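Novice: Please find entry_36.txt (compact mmCIF, C-alpha atoms) on the next line:
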```
# COMPACT_ATOMS: atom_id res chain seq x y z
CA MET G 1 -25.33 11.89 24.34
CA THR G 2 -25.55 8.92 21.97
CA ASP G 3 -28.41 10.55 20.03
CA ARG G 4 -26.32 13.68 19.54
CA LEU G 5 -23.33 11.62 18.36
CA ASP G 6 -25.60 9.69 15.99
CA GLN G 7 -26.88 12.98 14.56
CA LEU G 8 -23.35 14.28 14.08
CA ARG G 9 -22.26 11.06 12.37
CA ALA G 10 -25.28 11.25 10.07
CA ARG G 11 -24.39 14.85 9.16
CA LEU G 12 -20.81 13.82 8.49
CA GLN G 13 -21.98 11.01 6.19
CA ALA G 14 -24.34 13.42 4.41
CA ALA G 15 -21.41 15.80 3.84
CA ARG G 16 -19.33 12.92 2.40
CA ASP G 17 -22.19 11.95 0.10
CA ALA G 18 -22.54 15.57 -1.05
CA MET G 19 -18.80 15.70 -1.76
CA GLU G 20 -19.03 12.54 -3.86
CA GLU G 21 -21.93 14.05 -5.81
CA GLU G 22 -19.79 17.13 -6.46
CA PHE G 23 -16.88 14.95 -7.60
CA GLU G 24 -19.26 13.17 -9.99
CA ALA G 25 -20.46 16.49 -11.41
CA ARG G 26 -16.84 17.55 -11.96
CA ARG G 27 -16.08 14.25 -13.70
CA ALA G 28 -18.92 14.94 -16.10
CA ALA G 29 -17.67 18.50 -16.70
CA ILE G 30 -14.17 17.22 -17.51
CA ARG G 31 -15.82 14.73 -19.88
CA TYR G 32 -14.59 11.32 -18.90
CA ARG G 33 -16.25 8.12 -17.81
CA VAL G 34 -15.06 5.03 -15.99
CA GLU G 35 -15.60 1.73 -17.82
CA GLY G 36 -14.63 -1.09 -15.48
CA ALA G 37 -11.01 -0.36 -14.58
CA ARG G 38 -10.49 2.00 -17.55
CA VAL G 39 -10.91 5.76 -17.62
CA VAL G 40 -12.09 6.96 -21.02
CA PHE G 41 -11.81 10.61 -22.11
CA GLU G 42 -13.57 12.05 -25.11
CA GLU G 43 -11.18 12.24 -28.06
CA ASP G 44 -10.90 16.04 -28.20
CA VAL G 45 -10.17 16.16 -24.46
CA LEU G 46 -7.49 13.50 -24.87
CA ALA G 47 -5.90 15.50 -27.71
CA ALA G 48 -5.86 18.63 -25.52
CA HIS G 49 -4.21 16.61 -22.74
CA ARG G 50 -1.47 15.40 -25.08
CA ALA G 51 -0.85 18.97 -26.24
CA ALA G 52 -0.58 20.18 -22.62
CA ARG G 53 2.09 17.62 -21.64
CA GLU G 54 5.34 19.28 -20.56
CA ASN G 55 8.51 17.91 -22.11
CA LEU G 56 10.55 15.95 -19.55
CA ALA G 57 13.71 17.96 -20.24
CA ASP G 58 11.87 21.27 -19.67
CA PHE G 59 10.29 19.87 -16.52
CA LEU G 60 13.68 18.85 -15.12
CA ARG G 61 15.26 22.20 -16.08
CA ARG G 62 12.77 24.16 -14.01
CA THR G 63 12.98 21.80 -11.01
CA ARG G 64 15.04 23.16 -8.11
CA PRO G 65 18.26 21.19 -7.47
CA MET G 66 17.33 20.54 -3.82
CA VAL G 67 14.10 18.92 -4.97
CA VAL G 68 16.11 16.58 -7.18
CA LEU G 69 18.49 15.79 -4.31
CA THR G 70 15.63 14.84 -1.97
CA ALA G 71 14.03 12.45 -4.51
CA PRO G 72 16.06 9.41 -3.35
CA VAL G 73 14.85 10.00 0.22
CA ILE G 74 11.24 10.01 -0.95
CA TYR G 75 11.62 6.94 -3.15
CA ALA G 76 13.56 5.00 -0.49
CA LEU G 77 10.31 4.87 1.49
CA VAL G 78 8.95 2.40 -1.04
CA VAL G 79 10.85 -0.33 0.84
CA PRO G 80 9.14 0.14 4.24
CA LEU G 81 5.82 0.81 2.48
CA ALA G 82 6.08 -2.49 0.61
CA ALA G 83 7.04 -4.22 3.86
CA LEU G 84 4.02 -2.66 5.60
CA ASP G 85 1.79 -3.74 2.70
CA LEU G 86 3.04 -7.32 2.97
CA CYS G 87 2.91 -7.43 6.78
CA VAL G 88 -0.64 -6.09 7.20
CA THR G 89 -1.85 -8.37 4.40
CA LEU G 90 -0.35 -11.42 6.13
CA TYR G 91 -1.62 -10.23 9.51
CA GLN G 92 -5.24 -9.92 8.42
CA ARG G 93 -5.14 -13.21 6.48
CA VAL G 94 -3.87 -15.06 9.55
CA CYS G 95 -5.74 -13.27 12.35
CA PHE G 96 -9.01 -11.90 10.96
CA PRO G 97 -10.54 -15.34 10.25
CA VAL G 98 -9.77 -16.34 13.84
CA TYR G 99 -11.48 -13.20 15.20
CA GLY G 100 -14.39 -13.38 12.74
CA ILE G 101 -13.45 -10.05 11.14
CA ALA G 102 -14.06 -9.68 7.41
CA PRO G 103 -10.85 -8.91 5.49
CA VAL G 104 -10.12 -5.45 4.12
CA ARG G 105 -10.16 -5.32 0.33
CA ARG G 106 -6.81 -3.85 -0.65
CA ARG G 107 -8.05 -2.74 -4.09
CA GLU G 108 -10.55 -0.42 -2.41
CA HIS G 109 -7.66 1.53 -0.89
CA VAL G 110 -4.74 1.34 -3.32
CA ALA G 111 -5.73 3.38 -6.39
CA ILE G 112 -3.12 3.65 -9.11
CA ASP G 113 -4.68 5.31 -12.14
CA ARG G 114 -3.23 8.80 -12.61
CA HIS G 115 -0.36 7.50 -14.75
CA HIS G 116 -2.88 7.12 -17.60
CA LEU G 117 -3.29 10.90 -17.86
CA ALA G 118 -1.87 12.06 -21.19
CA TYR G 119 -0.89 15.51 -19.88
CA LEU G 120 1.70 14.04 -17.50
CA ASN G 121 5.26 13.34 -18.60
CA GLY G 122 7.04 10.12 -17.63
CA LEU G 123 8.49 11.42 -14.36
CA GLN G 124 5.18 12.94 -13.29
CA LYS G 125 3.49 9.60 -14.02
CA LEU G 126 6.07 7.77 -11.90
CA ASN G 127 5.47 10.25 -9.07
CA CYS G 128 1.73 9.67 -9.32
CA VAL G 129 2.15 5.89 -9.20
CA TYR G 130 4.31 6.26 -6.09
CA CYS G 131 1.87 8.61 -4.34
CA GLY G 132 -1.14 6.44 -5.19
CA TYR G 133 0.64 3.39 -3.83
CA ALA G 134 1.99 5.11 -0.69
CA ASN G 135 -1.30 6.72 0.32
CA GLY G 136 -3.26 3.61 -0.63
CA VAL G 137 -1.10 1.34 1.52
CA LEU G 138 -1.41 3.73 4.46
CA SER G 139 -5.20 3.83 4.02
CA TYR G 140 -5.30 0.03 3.76
CA ALA G 141 -3.17 -0.39 6.89
CA ARG G 142 -5.29 2.16 8.77
CA GLU G 143 -8.48 0.26 7.95
CA ILE G 144 -6.94 -3.01 9.13
CA ALA G 145 -5.73 -1.31 12.31
CA SER G 146 -9.14 0.30 12.93
CA ARG G 147 -10.90 -3.06 12.65
CA THR G 148 -8.35 -4.55 15.04
CA GLU G 149 -8.88 -1.70 17.49
CA ALA G 150 -12.66 -2.07 17.24
CA TYR G 151 -12.30 -5.76 18.11
CA TRP G 152 -9.84 -5.48 21.00
CA CYS G 153 -10.04 -1.98 22.43
CA PRO G 154 -13.13 0.03 21.42
CA ILE G 155 -12.48 2.90 23.84
CA LYS G 156 -12.23 6.56 22.86
CA HIS G 157 -9.03 8.36 23.82
CA ALA G 158 -9.01 10.78 26.74
CA ARG G 159 -7.34 13.50 24.68
CA ARG G 160 -8.35 14.87 21.32
CA VAL G 161 -6.99 12.98 18.30
CA PRO G 162 -6.67 15.14 15.16
CA ASP G 163 -8.11 12.68 12.60
CA PRO G 164 -9.65 9.63 14.26
CA HIS G 165 -10.87 6.77 12.08
CA GLU G 166 -14.62 6.52 11.59
CA ARG G 167 -15.15 3.66 14.02
CA MET G 168 -13.79 5.71 16.94
CA ALA G 169 -17.04 7.68 17.22
CA GLY G 170 -18.89 4.50 18.20
CA PHE G 171 -16.38 3.37 20.81
CA ALA G 172 -17.11 3.40 24.54
CA ASP G 173 -16.30 6.66 26.28
CA TYR G 174 -12.97 6.90 28.04
CA GLY G 175 -13.52 5.98 31.69
CA ASP G 176 -16.91 4.29 31.10
CA ALA G 177 -16.13 0.94 32.74
CA ASP G 178 -19.77 -0.17 32.60
CA GLY G 179 -20.11 0.53 28.87
CA PHE G 180 -16.83 -1.10 27.84
CA SER G 181 -17.85 -4.76 27.73
CA GLY G 182 -21.18 -4.04 26.02
CA GLU G 183 -19.50 -1.86 23.42
CA THR G 184 -16.84 -4.50 22.81
CA GLU G 185 -19.54 -7.03 21.95
CA ARG G 186 -21.39 -4.55 19.71
CA GLN G 187 -18.20 -3.69 17.83
CA ARG G 188 -17.33 -7.37 17.34
CA ARG G 189 -20.77 -8.07 15.88
CA ARG G 190 -20.40 -5.12 13.47
CA LEU G 191 -17.07 -6.47 12.20
CA GLY G 192 -18.47 -9.83 11.12
CA SER G 193 -19.77 -9.75 7.58
CA ARG G 194 -17.83 -7.00 5.81
CA GLY G 195 -15.72 -5.53 8.51
CA GLY G 196 -18.86 -3.77 9.57
CA PRO G 197 -19.84 -0.26 8.68
CA PRO G 198 -18.55 2.44 10.93
CA PRO G 199 -21.25 2.96 13.57
CA GLY G 200 -23.98 5.41 12.67
```
Using structure tokens, write down the structure from this file.
Specialist:
Amino acid sequence: MTDRLDQLRARLQAARDAMEEEFEARRAAIRYRVEGARVVFEEDVLAAHRAARENLADFLRRTRPMVVLTAPVIYALVVPLAALDLCVTLYQRVCFPVYGIAPVRRREHVAIDRHHLAYLNGLQKLNCVYCGYANGVLSYAREIASRTEAYWCPIKHARRVPDPHERMAGFADYGDADGFSGETERQRRRLGSRGGPPPG
């Protein structure tokens, strides 16, 4: 059973690697490069982006009124998202050293870079900053939670979970009382240096 799971995890990782190679090929086709924290487009591409930018007034004119009315509901979520960001950061700084778990690097999850795209108007850029922050914080919190779960409760669920985190595949099977303590120790060792790679 474990060999089969290991094979499936390896195939999943190979698929992720292939996707990243495809993303890299597309980056080259769009003609930009990343220099440190900066994204640099070739000058003619940048000029085409500026020419493609939709005027803010035109953008707002074609936006449905109900979309405009729901915007405050969307943006109000920035408050609980910021609170979550702060709380999980404090949690891991206080607890992870005690448990011997390496901290999660927030910058690896929160990516805010789309606002540099010249073909976006000001409102579209603001939307992109918000989405990058919101999804990044949720990814960051999920990684902290997955490391916590791996430390305290590395047991698979009895029922199917639609999108389990990567560590779940290496957890002890539900109902495997004999395997639980051994798997708990294995998971804790994996979490030591860098939060440990997901098993596999």
Novice: Between G:Ala111, G:Lys156, G:Tyr32, G:Asp163, which one has atoms that come closest to Glu183 of chain G, using only C-alpha atoms?
Specialist: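 Among G:Ala111, G:Lys156, G:Tyr32, G:Asp163, it is G:Lys156 that comes nearest to Glu183 of chain G.
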Novice: Hey, which of G:His165, G:Arg62, G:Arg33, G:Arg159 ends up closest to Ser146 of chain G? Count only C-alpha atoms.
Specialist: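 Among the listed residues, the smallest separation from Ser146 of chain G belongs to G:His165.
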Novice: To one decimal in Å, tell me the separation between atom CA of Arg189 of chain G and atom CA of Arg11 of chain G.
Specialist: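 These two atoms are separated by 24.2 Å.
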Novice: Could you check the closest approach to Ser181 of chain G for each of G:Val39, G:Ile155, G:Ala169, G:Val104 and tell me which residue wins, using all atoms listed in the file?
Specialist: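 Closest candidate: G:Ile155.
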Novice: For the atom pair atom CA of Gln13 of chain G and atom CA of Gly182 of chain G, what is the interatomic distance in Å to one decimal place?
Specialist: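 Result for atom CA of Gln13 of chain G versus atom CA of Gly182 of chain G: 24.9 Å, one decimal.
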Novice: Using Å and a single decimal, report how far atom CA of Tyr140 of chain G sits from atom CA of Ala158 of chain G.
Specialist: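 Pair atom CA of Ala158 of chain G / atom CA of Tyr140 of chain G returns 25.6 Å.
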Novice: Find the residues near Glu43 of chain G: any atom within 12 Å, counting all atoms listed in the file, skip ones fewer than 5 places away on the same chain, and give them as a PyMOL selection string.
Specialist: chain G and resi 31-32+48-50+118
Novice: So which one's closest to Asn127 of chain G, G:Ala71, G:Ala82, G:Ala29, G:Ala51? Using all atoms listed in the file, please.
Specialist: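 Residue with the minimum atom-to-atom distance to Asn127 of chain G: G:Ala71.
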Novice: Given the choices G:Leu138, G:Gln124, G:Pro162, G:Glu149, which gets closest to Arg53 of chain G if the distance is worked out from only C-alpha atoms?
Specialist: G:Gln124
Novice: So, with all atoms listed in the file as the atoms that count, which of G:Leu120, G:Gly170, G:Glu24, G:His157 lies closest to Asp3 of chain G?
Specialist: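 Distance minimum relative to Asp3 of chain G lands on G:Gly170.
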Novice: List every protein, DNA or RNA residue that has at least one atom no more than 12 Å from (-16.8, -7.0, 12.8) in the file's coordinates, counting all atoms listed in the file, and write the result as number ranges by chain.
Specialist: G: 96-104, 144, 146-152, 154, 167, 184-199
Novice: N, CA and C atoms are what I want for segment 65-91 of chain G; can you complete it accordingly and write them as a compact mmCIF listing (two decimals), keeping the file's coordinate frame?
Specialist:
```txt
# COMPACT_ATOMS: atom_id res chain seq x y z
N PRO G 65 17.28 22.26 -7.75
CA PRO G 65 18.26 21.19 -7.47
C PRO G 65 18.00 20.47 -6.14
N MET G 66 17.58 21.19 -5.11
CA MET G 66 17.33 20.54 -3.82
C MET G 66 16.17 19.56 -3.90
N VAL G 67 15.22 19.85 -4.77
CA VAL G 67 14.10 18.92 -4.97
C VAL G 67 14.63 17.62 -5.58
N VAL G 68 15.51 17.75 -6.55
CA VAL G 68 16.11 16.58 -7.18
C VAL G 68 16.91 15.77 -6.16
N LEU G 69 17.65 16.48 -5.30
CA LEU G 69 18.49 15.79 -4.31
C LEU G 69 17.67 15.06 -3.24
N THR G 70 16.46 15.53 -2.97
CA THR G 70 15.63 14.84 -1.97
C THR G 70 14.86 13.66 -2.56
N ALA G 71 14.81 13.53 -3.87
CA ALA G 71 14.03 12.45 -4.51
C ALA G 71 14.43 11.06 -4.01
N PRO G 72 15.73 10.76 -3.85
CA PRO G 72 16.06 9.41 -3.35
C PRO G 72 15.51 9.14 -1.94
N VAL G 73 15.41 10.18 -1.12
CA VAL G 73 14.85 10.00 0.22
C VAL G 73 13.37 9.62 0.12
N ILE G 74 12.67 10.31 -0.76
CA ILE G 74 11.24 10.01 -0.95
C ILE G 74 11.07 8.58 -1.46
N TYR G 75 11.80 8.25 -2.52
CA TYR G 75 11.62 6.94 -3.15
C TYR G 75 12.13 5.79 -2.30
N ALA G 76 13.07 6.05 -1.39
CA ALA G 76 13.56 5.00 -0.49
C ALA G 76 12.44 4.48 0.41
N LEU G 77 11.42 5.30 0.65
CA LEU G 77 10.31 4.87 1.49
C LEU G 77 9.49 3.75 0.87
N VAL G 78 9.70 3.48 -0.42
CA VAL G 78 8.95 2.40 -1.04
C VAL G 78 9.27 1.06 -0.37
N VAL G 79 10.48 0.93 0.18
CA VAL G 79 10.85 -0.33 0.84
C VAL G 79 10.02 -0.56 2.11
N PRO G 80 10.00 0.39 3.07
CA PRO G 80 9.14 0.14 4.24
C PRO G 80 7.65 0.11 3.90
N LEU G 81 7.24 0.87 2.87
CA LEU G 81 5.82 0.81 2.48
C LEU G 81 5.46 -0.57 1.95
N ALA G 82 6.33 -1.15 1.13
CA ALA G 82 6.08 -2.49 0.61
C ALA G 82 6.09 -3.52 1.74
N ALA G 83 7.00 -3.32 2.71
CA ALA G 83 7.04 -4.22 3.86
C ALA G 83 5.75 -4.10 4.68
N LEU G 84 5.28 -2.87 4.88
CA LEU G 84 4.02 -2.66 5.60
C LEU G 84 2.87 -3.33 4.85
N ASP G 85 2.82 -3.14 3.54
CA ASP G 85 1.79 -3.74 2.70
C ASP G 85 1.77 -5.25 2.90
N LEU G 86 2.93 -5.88 2.81
CA LEU G 86 3.04 -7.32 2.97
C LEU G 86 2.64 -7.76 4.39
N CYS G 87 3.16 -7.05 5.39
CA CYS G 87 2.91 -7.43 6.78
C CYS G 87 1.44 -7.33 7.17
N VAL G 88 0.78 -6.22 6.81
CA VAL G 88 -0.64 -6.09 7.20
C VAL G 88 -1.51 -7.07 6.42
N THR G 89 -1.10 -7.38 5.17
CA THR G 89 -1.85 -8.37 4.40
C THR G 89 -1.75 -9.75 5.06
N LEU G 90 -0.54 -10.14 5.44
CA LEU G 90 -0.35 -11.42 6.13
C LEU G 90 -1.08 -11.43 7.47
N TYR G 91 -0.96 -10.33 8.20
CA TYR G 91 -1.62 -10.23 9.51
C TYR G 91 -3.12 -10.47 9.40
```
